[in-house]
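Below: target.txt (compact mmCIF, C-alpha atoms and all ligand atoms)
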# COMPACT_ATOMS: atom_id res chain seq x y z
CA MET A 1 2.84 4.52 -24.87
CA SER A 2 1.07 3.32 -21.77
CA THR A 3 2.53 -0.18 -21.96
CA GLU A 4 5.95 1.40 -22.20
CA ARG A 5 5.14 3.56 -19.16
CA LYS A 6 4.34 0.45 -17.09
CA ASP A 7 7.77 -0.99 -17.87
CA GLN A 8 9.46 2.35 -17.12
CA HIS A 9 7.74 2.63 -13.74
CA VAL A 10 9.01 -0.79 -12.72
CA ALA A 11 12.54 -0.09 -13.98
CA LEU A 12 12.72 3.31 -12.28
CA ALA A 13 11.15 2.13 -9.02
CA GLN A 14 13.92 -0.47 -8.91
CA LYS A 15 16.70 1.92 -9.93
CA LEU A 16 15.75 4.72 -7.52
CA ARG A 17 15.10 2.50 -4.51
CA ASP A 18 17.26 3.41 -1.53
CA GLU A 19 16.34 1.71 1.72
CA SER A 20 19.29 3.23 3.56
CA ARG A 21 17.52 6.63 3.60
CA PRO A 22 15.75 7.27 6.94
CA ASN A 23 11.99 7.76 6.76
CA GLY A 24 9.14 8.59 9.17
CA PHE A 25 9.11 5.05 10.59
CA ASP A 26 12.57 5.75 12.10
CA ASP A 27 10.85 8.28 14.38
CA ILE A 28 8.72 5.53 15.94
CA GLY A 29 10.31 3.60 18.81
CA PHE A 30 9.28 1.43 21.72
CA ILE A 31 10.35 1.23 25.36
CA HIS A 32 12.04 -2.13 25.89
CA HIS A 33 10.83 -4.06 28.94
CA SER A 34 13.26 -6.94 29.61
CA LEU A 35 10.80 -9.09 31.55
CA ALA A 36 7.76 -8.55 29.34
CA ALA A 37 8.66 -11.02 26.57
CA ILE A 38 6.33 -13.97 25.90
CA ASP A 39 6.75 -17.31 24.07
CA VAL A 40 7.04 -16.87 20.32
CA ALA A 41 4.61 -19.77 19.80
CA ARG A 42 1.86 -17.79 21.55
CA VAL A 43 1.89 -14.99 18.96
CA ASP A 44 -1.12 -14.84 16.64
CA LEU A 45 -0.39 -12.64 13.61
CA SER A 46 -3.87 -12.80 12.10
CA THR A 47 -5.91 -9.73 11.34
CA SER A 48 -9.31 -8.88 9.91
CA VAL A 49 -9.65 -6.72 6.82
CA LEU A 50 -12.97 -5.84 5.18
CA GLY A 51 -14.72 -8.77 6.78
CA ALA A 52 -12.05 -11.35 5.86
CA ARG A 53 -9.56 -13.03 8.18
CA TRP A 54 -5.96 -12.76 6.96
CA PRO A 55 -3.38 -15.07 8.57
CA LEU A 56 -0.66 -12.44 8.12
CA PRO A 57 -0.89 -8.67 8.58
CA PHE A 58 1.25 -7.67 5.58
CA TYR A 59 0.48 -7.94 1.85
CA ILE A 60 1.83 -7.32 -1.62
CA ASN A 61 0.48 -3.91 -2.57
CA ALA A 62 -0.53 -2.53 -5.98
CA MET A 63 2.12 -2.36 -8.65
CA THR A 64 1.75 -3.51 -12.15
CA GLY A 65 0.30 -5.24 -15.21
CA GLY A 66 -0.32 -4.10 -18.78
CA SER A 67 2.74 -5.39 -20.67
CA GLN A 68 4.51 -8.70 -21.29
CA ARG A 69 7.22 -7.91 -18.80
CA THR A 70 4.80 -6.87 -16.09
CA ALA A 71 2.65 -9.97 -16.74
CA ARG A 72 5.69 -12.06 -15.80
CA ILE A 73 6.18 -9.92 -12.69
CA ASN A 74 2.51 -10.33 -11.72
CA ALA A 75 2.80 -14.11 -12.19
CA GLY A 76 5.80 -14.19 -9.83
CA LEU A 77 4.07 -11.97 -7.27
CA GLY A 78 0.93 -14.13 -7.49
CA ARG A 79 2.85 -17.37 -6.88
CA ALA A 80 4.70 -15.76 -3.97
CA ALA A 81 1.41 -14.55 -2.45
CA ARG A 82 0.01 -18.06 -2.74
CA ALA A 83 3.07 -19.69 -1.19
CA ALA A 84 3.16 -17.22 1.73
CA GLY A 85 -0.60 -16.95 2.27
CA VAL A 86 -0.68 -13.17 1.92
CA ALA A 87 -3.14 -10.86 0.16
CA ILE A 88 -2.16 -9.19 -3.10
CA ALA A 89 -3.21 -6.23 -5.25
CA THR A 90 -2.58 -5.75 -8.97
CA GLY A 91 -1.55 -2.45 -10.51
CA SER A 92 -4.02 -0.09 -12.13
CA GLN A 93 -6.24 -1.94 -14.62
CA HIS A 94 -7.10 1.14 -16.72
CA ILE A 95 -4.96 -0.06 -19.57
CA ALA A 96 -6.81 -3.40 -19.76
CA LEU A 97 -10.20 -1.71 -19.55
CA ARG A 98 -9.26 0.08 -22.78
CA ASP A 99 -7.50 -2.87 -24.48
CA ALA A 100 -8.86 -6.33 -23.67
CA SER A 101 -5.73 -8.03 -25.08
CA LEU A 102 -3.92 -6.82 -21.94
CA GLU A 103 -6.38 -8.35 -19.47
CA ASP A 104 -4.32 -11.47 -19.08
CA SER A 105 -1.39 -9.55 -17.62
CA PHE A 106 -3.69 -8.85 -14.64
CA ARG A 107 -5.75 -12.08 -14.60
CA VAL A 108 -2.52 -14.00 -14.09
CA VAL A 109 -2.52 -12.84 -10.45
CA ARG A 110 -5.81 -14.62 -9.73
CA ARG A 111 -4.72 -17.66 -11.75
CA GLU A 112 -1.51 -18.04 -9.75
CA ALA A 113 -3.14 -17.23 -6.40
CA PRO A 114 -6.62 -18.79 -6.66
CA ASP A 115 -7.37 -18.67 -2.93
CA ALA A 116 -5.68 -15.37 -2.04
CA PHE A 117 -7.49 -12.19 -1.02
CA VAL A 118 -7.05 -10.21 -4.25
CA PHE A 119 -7.58 -6.47 -4.69
CA ALA A 120 -8.49 -5.07 -8.11
CA ASN A 121 -7.16 -1.55 -8.77
CA VAL A 122 -8.50 1.48 -10.64
CA GLY A 123 -8.34 5.27 -10.33
CA PRO A 124 -11.26 7.61 -9.67
CA THR A 125 -11.66 8.50 -13.35
CA VAL A 126 -13.16 5.16 -14.40
CA SER A 127 -16.93 4.83 -14.73
CA PRO A 128 -18.83 2.67 -12.23
CA GLU A 129 -19.33 0.13 -15.04
CA GLN A 130 -15.56 -0.03 -15.71
CA ALA A 131 -14.93 -0.45 -11.98
CA ARG A 132 -17.32 -3.44 -11.98
CA ARG A 133 -15.44 -4.92 -14.96
CA ALA A 134 -12.10 -4.49 -13.16
CA VAL A 135 -13.46 -6.46 -10.18
CA GLN A 136 -14.85 -9.19 -12.46
CA MET A 137 -11.57 -9.44 -14.39
CA LEU A 138 -9.85 -10.73 -11.25
CA ASP A 139 -12.77 -12.20 -9.37
CA ALA A 140 -11.48 -9.72 -6.79
CA ASP A 141 -12.39 -9.70 -3.09
CA ALA A 142 -12.16 -5.91 -2.85
CA LEU A 143 -11.38 -2.91 -5.06
CA GLN A 144 -8.57 -0.45 -4.48
CA VAL A 145 -9.15 3.04 -5.85
CA HIS A 146 -5.84 4.87 -6.10
CA ILE A 147 -5.80 8.62 -5.49
CA ASN A 148 -2.68 10.07 -7.09
CA PRO A 149 -3.07 13.79 -7.92
CA ALA A 150 0.59 14.61 -7.22
CA GLN A 151 1.73 11.96 -9.72
CA GLU A 152 -0.77 13.16 -12.36
CA ILE A 153 0.40 16.77 -12.00
CA VAL A 154 4.03 15.83 -12.62
CA MET A 155 3.16 13.75 -15.72
CA PRO A 156 2.78 16.00 -18.79
CA GLU A 157 0.16 13.54 -20.09
CA GLY A 158 -1.49 13.25 -16.64
CA ASP A 159 -5.01 14.25 -15.59
CA ARG A 160 -5.70 17.91 -14.94
CA GLN A 161 -9.27 17.61 -13.62
CA PHE A 162 -9.56 16.57 -10.00
CA SER A 163 -12.53 18.42 -8.55
CA ASP A 164 -15.00 15.58 -9.18
CA TRP A 165 -12.80 12.78 -7.81
CA ALA A 166 -14.58 12.48 -4.43
CA GLN A 167 -17.94 12.27 -6.22
CA ARG A 168 -16.60 9.70 -8.67
CA ILE A 169 -15.23 7.56 -5.84
CA GLU A 170 -18.67 7.64 -4.22
CA ALA A 171 -20.28 6.47 -7.47
CA ILE A 172 -17.74 3.62 -7.77
CA ALA A 173 -18.22 2.58 -4.13
CA GLY A 174 -21.97 2.48 -4.69
CA ALA A 175 -21.73 0.37 -7.85
CA VAL A 176 -19.25 -2.44 -7.21
CA PRO A 177 -20.26 -5.70 -5.49
CA VAL A 178 -17.20 -5.71 -3.20
CA PRO A 179 -15.88 -3.28 -0.54
CA VAL A 180 -13.78 -0.33 -1.71
CA LEU A 181 -10.43 0.64 -0.21
CA ALA A 182 -9.02 4.04 -1.20
CA LYS A 183 -5.26 4.44 -1.28
CA GLU A 184 -2.63 7.05 -1.97
CA VAL A 185 0.44 6.05 -3.96
CA GLY A 186 3.17 7.35 -1.64
CA PHE A 187 2.16 10.90 -0.64
CA GLY A 188 -0.11 10.09 2.30
CA LEU A 189 -3.82 10.42 3.06
CA SER A 190 -4.50 13.22 5.54
CA ARG A 191 -7.14 12.93 8.25
CA ARG A 192 -9.32 15.33 6.28
CA SER A 193 -9.07 13.13 3.17
CA ILE A 194 -9.92 10.02 5.20
CA GLU A 195 -13.00 11.68 6.70
CA GLU A 196 -14.17 12.66 3.21
CA LEU A 197 -13.62 9.11 1.94
CA ALA A 198 -15.72 7.73 4.79
CA ARG A 199 -18.55 10.10 3.84
CA ARG A 200 -18.27 8.78 0.27
CA GLY A 201 -18.94 5.17 1.21
CA VAL A 202 -15.36 3.90 1.17
CA ARG A 203 -14.83 1.07 3.69
CA ALA A 204 -11.05 1.20 4.17
CA ALA A 205 -8.16 3.59 3.57
CA ASP A 206 -4.50 2.74 2.97
CA VAL A 207 -2.64 5.93 3.93
CA SER A 208 0.28 5.03 1.63
CA GLY A 209 2.57 7.78 2.77
CA ALA A 210 5.95 9.16 1.74
CA GLY A 211 9.28 7.55 2.56
CA GLY A 212 9.50 4.71 0.03
CA THR A 213 8.60 4.63 -3.67
CA ASN A 214 8.28 8.25 -4.82
CA PHE A 215 6.28 8.83 -8.01
CA ILE A 216 7.32 12.47 -8.33
CA ASP A 217 10.91 11.25 -8.45
CA ILE A 218 9.99 8.43 -10.87
CA GLU A 219 8.08 10.75 -13.23
CA ASN A 220 10.91 13.30 -13.10
CA HIS A 221 13.37 10.61 -14.15
CA ARG A 222 11.20 9.51 -17.08
CA ARG A 223 12.06 12.66 -18.98
CA ARG A 224 15.32 14.32 -19.82
CA ARG A 225 14.33 17.64 -18.34
CA SER A 226 12.93 17.33 -14.86
CA GLU A 227 10.32 20.05 -14.37
CA TYR A 228 9.29 19.32 -10.82
CA GLY A 229 12.47 18.15 -9.06
CA TYR A 230 11.77 20.53 -6.17
CA LEU A 231 8.52 18.67 -5.36
CA ALA A 232 10.36 15.48 -4.40
CA GLY A 233 9.68 15.98 -0.66
CA TRP A 234 5.91 16.43 -1.16
CA GLY A 235 3.45 14.65 1.11
CA GLN A 236 3.25 13.15 4.59
CA SER A 237 5.06 10.07 5.85
CA SER A 238 3.08 6.92 6.59
CA ALA A 239 4.01 7.21 10.29
CA PHE A 240 2.59 10.73 10.49
CA CYS A 241 -0.59 9.76 8.58
CA LEU A 242 -1.17 6.89 11.01
CA LEU A 243 -0.67 9.20 14.00
CA GLU A 244 -3.24 11.57 12.52
CA SER A 245 -5.66 8.73 11.82
CA LEU A 246 -5.54 7.65 15.47
CA HIS A 247 -7.37 10.90 16.13
CA LEU A 248 -10.22 10.32 13.71
CA PRO A 249 -13.61 10.91 15.34
CA PRO A 250 -15.07 7.58 16.57
CA ALA A 251 -17.97 8.08 14.16
CA VAL A 252 -15.66 7.53 11.15
CA PRO A 253 -16.26 3.82 10.49
CA LEU A 254 -13.32 3.24 8.19
CA GLU A 255 -10.61 0.56 8.46
CA ILE A 256 -7.09 1.99 8.33
CA LEU A 257 -4.30 0.18 6.48
CA ALA A 258 -0.79 1.45 5.87
CA SER A 259 1.88 1.36 3.19
CA GLY A 260 4.68 3.55 1.89
CA GLY A 261 8.30 3.12 2.93
CA VAL A 262 7.95 -0.24 4.70
CA ARG A 263 11.42 -1.81 4.60
CA HIS A 264 11.45 -4.63 7.15
CA PRO A 265 9.32 -6.38 9.80
CA LEU A 266 10.03 -3.67 12.41
CA ASP A 267 8.34 -1.10 10.14
CA VAL A 268 5.34 -3.47 9.94
CA VAL A 269 5.21 -3.62 13.76
CA ARG A 270 5.51 0.18 13.96
CA ALA A 271 2.57 0.64 11.54
CA LEU A 272 0.46 -1.96 13.36
CA ALA A 273 1.20 -0.30 16.72
CA LEU A 274 0.03 2.99 15.18
CA GLY A 275 -3.33 1.41 14.43
CA ALA A 276 -3.01 -0.12 10.94
CA ARG A 277 -4.94 -3.36 10.46
CA ALA A 278 -2.55 -4.50 7.79
CA VAL A 279 0.54 -3.21 6.04
CA GLY A 280 1.14 -3.09 2.28
CA VAL A 281 4.55 -3.39 0.70
CA SER A 282 5.39 -2.64 -2.93
CA GLY A 283 8.94 -1.43 -3.55
CA HIS A 284 10.75 -3.81 -1.23
CA PHE A 285 9.00 -6.94 -2.54
CA LEU A 286 9.38 -5.84 -6.17
CA HIS A 287 13.04 -5.26 -5.58
CA THR A 288 13.48 -8.69 -4.02
CA LEU A 289 11.70 -10.38 -6.93
CA LEU A 290 13.63 -8.54 -9.64
CA ASP A 291 17.06 -8.69 -8.00
CA GLU A 292 16.97 -12.12 -6.43
CA GLY A 293 14.11 -14.07 -8.05
CA GLU A 294 10.85 -15.69 -7.08
CA GLU A 295 12.23 -18.23 -4.61
CA ALA A 296 14.01 -15.42 -2.79
CA LEU A 297 10.76 -13.46 -2.55
CA ILE A 298 8.95 -16.50 -1.15
CA ALA A 299 11.73 -16.94 1.41
CA GLU A 300 11.59 -13.21 2.24
CA LEU A 301 7.83 -13.37 2.90
CA ALA A 302 8.34 -16.37 5.22
CA ARG A 303 11.21 -14.57 6.97
CA TRP A 304 9.01 -11.51 7.55
CA ALA A 305 6.27 -13.68 9.13
CA GLU A 306 8.80 -15.39 11.39
CA GLN A 307 10.51 -12.16 12.44
CA LEU A 308 7.19 -10.42 13.06
CA SER A 309 6.31 -13.15 15.58
CA SER A 310 9.72 -12.74 17.21
CA ILE A 311 9.45 -8.96 17.56
CA MET A 312 5.93 -9.20 18.94
CA ALA A 313 7.05 -11.83 21.47
CA LEU A 314 9.90 -9.51 22.50
CA MET A 315 7.32 -6.77 23.08
CA GLY A 316 5.04 -9.08 25.06
CA CYS A 317 2.22 -8.95 22.51
CA ALA A 318 0.30 -12.16 21.73
CA SER A 319 -2.00 -10.48 19.20
CA LEU A 320 -2.20 -7.35 17.05
CA ALA A 321 -4.77 -5.89 19.46
CA GLU A 322 -2.16 -5.95 22.22
CA LEU A 323 0.15 -3.78 20.10
CA SER A 324 -2.13 -0.82 20.79
CA LYS A 325 -1.05 -0.92 24.45
CA VAL A 326 2.73 -0.80 24.04
CA ASP A 327 4.86 2.15 25.21
CA LEU A 328 5.39 4.04 21.98
CA LEU A 329 7.90 6.84 21.47
CA VAL A 330 7.49 9.43 18.72
CA THR A 331 10.59 11.50 18.04
CA GLY A 332 12.18 13.79 15.43
CA ARG A 333 10.31 15.37 12.54
CA THR A 334 7.25 13.18 13.08
CA ALA A 335 6.92 14.40 16.70
CA GLU A 336 7.40 18.00 15.54
CA LEU A 337 4.71 17.68 12.86
CA ALA A 338 2.34 16.00 15.31
CA ARG A 339 2.85 18.85 17.79
CA LEU A 340 2.19 21.45 15.07
CA ARG A 341 -1.03 19.65 14.15
CA GLY A 342 -2.15 19.45 17.78
CA ILE A 343 -1.77 15.67 18.07
CA ASP A 344 -0.33 14.44 21.37
C1 LIG A 401 3.04 1.39 -7.62
N1 LIG A 401 1.94 1.86 -6.90
C2 LIG A 401 0.67 1.79 -7.48
N2 LIG A 401 -0.44 2.00 -6.72
C3 LIG A 401 -1.68 1.88 -7.24
O1 LIG A 401 -2.66 2.00 -6.52
N3 LIG A 401 -1.84 1.56 -8.58
C4 LIG A 401 -0.76 1.34 -9.40
O2 LIG A 401 -0.92 1.05 -10.58
C5 LIG A 401 0.54 1.46 -8.85
N4 LIG A 401 1.66 1.26 -9.62
C6 LIG A 401 2.90 1.12 -9.00
C7 LIG A 401 3.99 0.68 -9.75
C8 LIG A 401 5.21 0.45 -9.12
C9 LIG A 401 6.35 -0.07 -9.94
C10 LIG A 401 5.35 0.69 -7.72
C11 LIG A 401 6.66 0.42 -7.02
C12 LIG A 401 4.28 1.16 -7.00
C13 LIG A 401 2.07 2.44 -5.55
C14 LIG A 401 2.13 1.41 -4.45
O3 LIG A 401 0.96 0.65 -4.35
C15 LIG A 401 2.41 2.09 -3.08
O4 LIG A 401 1.33 2.92 -2.74
C16 LIG A 401 3.69 2.91 -3.09
O5 LIG A 401 4.65 2.29 -3.92
C17 LIG A 401 4.32 3.08 -1.71
O6 LIG A 401 4.72 1.84 -1.17
P1 LIG A 401 6.27 1.34 -1.16
O7 LIG A 401 6.66 1.08 -2.58
O8 LIG A 401 7.08 2.43 -0.54
O9 LIG A 401 6.23 0.06 -0.38
Encoding of this model in C-alpha cells:
Amino acid sequence: MSTERKDQHVALAQKLRDESRPNGFDDIGFIHHSLAAIDVARVDLSTSVLGARWPLPFYINAMTGGSQRTARINAGLGRAARAAGVAIATGSQHIALRDASLEDSFRVVRREAPDAFVFANVGPTVSPEQARRAVQMLDADALQVHINPAQEIVMPEGDRQFSDWAQRIEAIAGAVPVPVLAKEVGFGLSRRSIEELARRGVRAADVSGAGGTNFIDIENHRRRRSEYGYLAGWGQSSAFCLLESLHLPPAVPLEILASGGVRHPLDVVRALALGARAVGVSGHFLHTLLDEGEEALIAELARWAEQLSSIMALMGCASLAELSKVDLLVTGRTAELARLRGID
C-alpha cells in the first residue's frame, strides 16, 4: 500500500502542477534602480547552511523513495545534484525503516551524489533510534523532520495523534549525530511554530509554505470521493512565512530556509531577500525530470544558477547578504495579511 502511495504522490504532484497560478511570491517586488547594476562576474552565490558552505543557494528538496519507480527518480535527482553542485534531500524514509529491502531506493541518492550535502528525511513519529538509522542509511549531513499534520488529517489512513510531536522532535534532535532541520510540506511554518522548534533543539527551519505542491489537493485526488476539497486553500504562503520569520526575536538562534511554490530564479531571489539562507525546490524540478529527462534537469539547474547571478547583478547585489538591503515591495494579499498580523 505504502509503495503504491509513493508512486501516486509523484504522479499526482506532476498531474496537478500548475505554475501559471499566482502565489504569494507574486506579491514580492523590488524597486528597479537603473544605475545600481554591477558586473555579473562579481556575484557570489554561495551561502552557509548548518555549518556547511554551499556554492549555490537553492537545492532539490524532499520528495521520494520507497518503490522501483521512485528509486529511478532518486537516481536521476542524485546525478543532477552532483552535476550542478547543489544539496539534495530524499523523501520520507519511514517505509525503508520498516522494510530494509527498500533502503536502496534512498541510498541511491548518496551513491549518485557522493560529495553532495544530503538531507535524510523522517517524520516526528519515528523513534530516536530510527532517526539515527535514517541518517546512517544515507551517510547524511543533516536530518529533515517533516511536520505534516494537514496532510495526515486528509489521509484516512493518516496519523491522528499530534500532541506529542514537539516532544518527539526534541528527542530526535537530541539523539542524532547531525543537525536537524524541521520542515513543513507546503502549508507553512508560523512564527509560533518556529519559536517552539528552536526551544526543542532544532537548528534550522524550512518554512515550506503554500503556493506550489499541495498535499491536501493530492490526497483528495487519490480517492474517488474527496472529503476535504474545501481545505485546499489551507496554510500560509512561503512569502508570508518569511515575512513573519523576519520578526523572530533575536534570541531565536535558528537558520531559516524556504520552499513551497518556487517556480523560477526570481522566486529564489525573492525568498533570499526575505531572509532565507537557501531555497528548496521540489515540484518544479520533479516536473522537469519527468517531463523532459535528466539532461534537461541538469541544464535547468545550470540555467537557474546563471540567471540568479544575472538578477542579483541587476539589483546591485554581489552577495546574498547584500540582498537584505534592497528596496522590497510587499503588495496584495501578503501585505494585507502582514498588516493584520502587525508586521510592517
Ligand atoms: C514531497 N514533499 C515531501 N516532504 C518531506 O519532507 N517528505 C516527503 O516524503 C515528501 N514527499 C513529497 C513527494 C512529492 C512527490 C512532492 C512533490 C513533495 C514536500 C516537499 O519537500 C515540499 O515541502 C513541498 O512540495 C513544497 O515545495 P514545492 O513542491 O512547491 O517546490
Give me, as JSON lines, each residue of chain A that comes within 8 Å of ligand LIG 401 (chain A), together with its shortest interatomic pair and the distance in Å at one decimal, counting only C-alpha atoms and all ligand atoms, with rows ordered by chain and rising residue number.
{"residue": "A:Lys6", "atom": "CA", "partner": "A:LIG401", "partner_atom": "C7", "distance": 7.4}
{"residue": "A:His9", "atom": "CA", "partner": "A:LIG401", "partner_atom": "C9", "distance": 4.9}
{"residue": "A:Val10", "atom": "CA", "partner": "A:LIG401", "partner_atom": "C9", "distance": 3.9}
{"residue": "A:Ala11", "atom": "CA", "partner": "A:LIG401", "partner_atom": "C9", "distance": 7.4}
{"residue": "A:Leu12", "atom": "CA", "partner": "A:LIG401", "partner_atom": "C9", "distance": 7.6}
{"residue": "A:Ala13", "atom": "CA", "partner": "A:LIG401", "partner_atom": "C11", "distance": 5.2}
{"residue": "A:Gln14", "atom": "CA", "partner": "A:LIG401", "partner_atom": "C11", "distance": 7.6}
{"residue": "A:Asn61", "atom": "CA", "partner": "A:LIG401", "partner_atom": "O3", "distance": 4.9}
{"residue": "A:Ala62", "atom": "CA", "partner": "A:LIG401", "partner_atom": "O3", "distance": 3.9}
{"residue": "A:Met63", "atom": "CA", "partner": "A:LIG401", "partner_atom": "C6", "distance": 3.6}
{"residue": "A:Thr64", "atom": "CA", "partner": "A:LIG401", "partner_atom": "C7", "distance": 5.3}
{"residue": "A:Gly65", "atom": "CA", "partner": "A:LIG401", "partner_atom": "O2", "distance": 7.9}
{"residue": "A:Thr90", "atom": "CA", "partner": "A:LIG401", "partner_atom": "O2", "distance": 7.2}
{"residue": "A:Gly91", "atom": "CA", "partner": "A:LIG401", "partner_atom": "O2", "distance": 3.6}
{"residue": "A:Ser92", "atom": "CA", "partner": "A:LIG401", "partner_atom": "O2", "distance": 3.6}
{"residue": "A:Gln93", "atom": "CA", "partner": "A:LIG401", "partner_atom": "O2", "distance": 7.3}
{"residue": "A:Asn121", "atom": "CA", "partner": "A:LIG401", "partner_atom": "O1", "distance": 6.2}
{"residue": "A:Val122", "atom": "CA", "partner": "A:LIG401", "partner_atom": "N3", "distance": 7.0}
{"residue": "A:Gly123", "atom": "CA", "partner": "A:LIG401", "partner_atom": "O1", "distance": 7.6}
{"residue": "A:Gln144", "atom": "CA", "partner": "A:LIG401", "partner_atom": "O1", "distance": 6.7}
{"residue": "A:Val145", "atom": "CA", "partner": "A:LIG401", "partner_atom": "O1", "distance": 6.6}
{"residue": "A:His146", "atom": "CA", "partner": "A:LIG401", "partner_atom": "O1", "distance": 4.3}
{"residue": "A:Ile147", "atom": "CA", "partner": "A:LIG401", "partner_atom": "O1", "distance": 7.4}
{"residue": "A:Lys183", "atom": "CA", "partner": "A:LIG401", "partner_atom": "O1", "distance": 6.3}
{"residue": "A:Glu184", "atom": "CA", "partner": "A:LIG401", "partner_atom": "O4", "distance": 5.8}
{"residue": "A:Val185", "atom": "CA", "partner": "A:LIG401", "partner_atom": "O4", "distance": 3.5}
{"residue": "A:Gly186", "atom": "CA", "partner": "A:LIG401", "partner_atom": "C17", "distance": 4.4}
{"residue": "A:Ser208", "atom": "CA", "partner": "A:LIG401", "partner_atom": "O4", "distance": 5.0}
{"residue": "A:Gly209", "atom": "CA", "partner": "A:LIG401", "partner_atom": "C17", "distance": 6.7}
{"residue": "A:Ala210", "atom": "CA", "partner": "A:LIG401", "partner_atom": "C17", "distance": 7.2}
{"residue": "A:Gly211", "atom": "CA", "partner": "A:LIG401", "partner_atom": "O8", "distance": 6.4}
{"residue": "A:Gly212", "atom": "CA", "partner": "A:LIG401", "partner_atom": "O8", "distance": 3.4}
{"residue": "A:Thr213", "atom": "CA", "partner": "A:LIG401", "partner_atom": "O8", "distance": 4.1}
{"residue": "A:Asn214", "atom": "CA", "partner": "A:LIG401", "partner_atom": "O5", "distance": 7.0}
{"residue": "A:Phe215", "atom": "CA", "partner": "A:LIG401", "partner_atom": "O5", "distance": 7.9}
{"residue": "A:Ser259", "atom": "CA", "partner": "A:LIG401", "partner_atom": "O6", "distance": 5.2}
{"residue": "A:Gly260", "atom": "CA", "partner": "A:LIG401", "partner_atom": "O6", "distance": 3.5}
{"residue": "A:Gly261", "atom": "CA", "partner": "A:LIG401", "partner_atom": "O8", "distance": 3.7}
{"residue": "A:Val262", "atom": "CA", "partner": "A:LIG401", "partner_atom": "O9", "distance": 5.4}
{"residue": "A:Arg263", "atom": "CA", "partner": "A:LIG401", "partner_atom": "O9", "distance": 7.4}
{"residue": "A:Gly280", "atom": "CA", "partner": "A:LIG401", "partner_atom": "O9", "distance": 6.6}
{"residue": "A:Val281", "atom": "CA", "partner": "A:LIG401", "partner_atom": "O9", "distance": 4.0}
{"residue": "A:Ser282", "atom": "CA", "partner": "A:LIG401", "partner_atom": "O9", "distance": 3.8}
{"residue": "A:Gly283", "atom": "CA", "partner": "A:LIG401", "partner_atom": "O7", "distance": 3.5}
{"residue": "A:His284", "atom": "CA", "partner": "A:LIG401", "partner_atom": "O9", "distance": 6.0}
{"residue": "A:Phe285", "atom": "CA", "partner": "A:LIG401", "partner_atom": "O9", "distance": 7.8}
{"residue": "A:Leu286", "atom": "CA", "partner": "A:LIG401", "partner_atom": "C11", "distance": 6.9}
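Nearest to Leu337 in chain A of all the residues A:Ala134, A:Ala140, A:Met155, A:Ala239 is A:Ala239, based on only C-alpha atoms.
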Could you tell me which of A:Arg339, A:Arg79, A:Arg277, A:Lys15 comes closest to Arg110 in chain A if we count all atoms listed in the file?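 Among A:Arg339, A:Arg79, A:Arg277, A:Lys15, it is A:Arg79 that comes nearest to Arg110 in chain A.
Interatomic distance, CA of Ala318 in chain A against CA of Ala37 in chain A: 9.7 Å.
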Taking (-4.0, -14.0, 8.4) in the coordinates of the supplied file, I want to know which residues reach to within 12 Å of it, counting only C-alpha atoms; could you give the answer as a VMD selection string? chain A and resid 44 to 49 52 to 59 84 to 87 116 to 117 277 to 279 305 319 to 320
Produce a table with one row for each residue of range 190-304 of chain A that has an atom at most 10 Å from any atom of range 164-173 of chain A, each row naming the nearest atom pair and its distance in Å at one decimal; use all atoms listed in the file; arrange rows by chain and rising residue number; format as a tab-separated table.
residue	atom	partner	partner_atom	distance
A:Ser193	CA	A:Ala166	CA	9.4
A:Glu196	CA	A:Ala166	CA	7.7
A:Leu197	CA	A:Ala166	CA	7.3
A:Ala198	CA	A:Glu170	CA	9.5
A:Arg199	CA	A:Glu170	CA	8.4
A:Arg200	CA	A:Glu170	CA	4.6
A:Gly201	CA	A:Glu170	CA	6.0
A:Val202	CA	A:Ala173	CA	6.2
A:Arg203	CA	A:Ala173	CA	8.7
Point-to-point distance in Å for CA of Leu266 in chain A and CA of Ala41 in chain A: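 Interatomic distance, CA of Ala41 in chain A to CA of Leu266 in chain A: 18.5 Å.
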If we count all atoms listed in the file and set the cut-off at 10 Å, which residues sit around Gly316 in chain A, ignoring sequence neighbours fewer than 3 positions away in its own chain? Please answer as an NGL selection string. :A and (32-40 or 42-43 or 310-313 or 319 or 322-323 or 326)
Give me the residues within 10 Å of His247 in chain A as a PDB file with C-alpha atoms, in the coordinates of the input, counting all atoms listed in the file and dropping any in the same chain fewer than 5 places off.
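The resulting file, result-v7.pdb, is shown below:
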ATOM      1  CA  ARG A 191      -7.140  12.930   8.250  1.00  0.00           C
ATOM      2  CA  LEU A 242      -1.170   6.890  11.010  1.00  0.00           C
ATOM      3  CA  ILE A 343      -1.770  15.670  18.070  1.00  0.00           C
ATOM      4  CA  ASP A 344      -0.330  14.440  21.370  1.00  0.00           C
TER       5      ASP A 344
END
Using the file's own x, y and z axes, what box holds all listed atoms of range 173-189 of chain A with 8 Å on each side, keeping edges along x, y and z, and what are its centre and edge lengths in Å to one decimal, as lines of an AutoDock Vina configuration file?
center_x = -9.4
center_y = 2.6
center_z = -2.4
size_x = 41.1
size_y = 32.6
size_z = 26.9
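Comparing A:Ala276, A:Ser226, A:Pro265, A:Arg132 by their smallest distance to Arg303 in chain A, the closest is A:Pro265 (using all atoms listed in the file).
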Which residue of A:Leu301, A:Leu289, A:Leu231, A:Ala81 approaches His264 in chain A most closely, using only C-alpha atoms: A:Leu301
Within 12 Å of (0.1, 10.9, 12.4), in the coordinates the file gives, what residues turn up when you count only C-alpha atoms, written out as a PyMOL selection string? chain A and resi 24-25+27-28+188-191+207+209+236-248+258+271+274-276+330-331+333-344
Computed interatomic separation between CA of Glu294 in chain A and CA of Ala100 in chain A (Å):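 Atom-to-atom, CA of Glu294 in chain A and CA of Ala100 in chain A are spaced 27.4 Å apart.
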With only C-alpha atoms as the counted atoms, please give the residues lying no more than 12 Å from Arg72 in chain A, apart from itself and same-chain residues fewer than 5 positions off, as a list in words. Asp7, Thr64, Gly65, Gly66, Ser67, Leu77, Gly78, Arg79, Asp104, Ser105, Phe106, Arg107, Val108, Val109, Glu112, Leu289, Leu290, Gly293 and Glu294 of chain A
Between A:Glu195, A:Glu300, A:Asp99, A:Asp139, which residue has the minimum interatomic distance to Ala113 in chain A, considering only C-alpha atoms?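 Result for the nearest residue to Ala113 in chain A: A:Asp139.
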Pick out the residues sitting within 10 Å of Phe30 in chain A, and hand them over as a PyMOL selection string; count only C-alpha atoms, and ignore anything fewer than 6 positions along from it in its own chain. chain A and resi 270+273+315+326-330
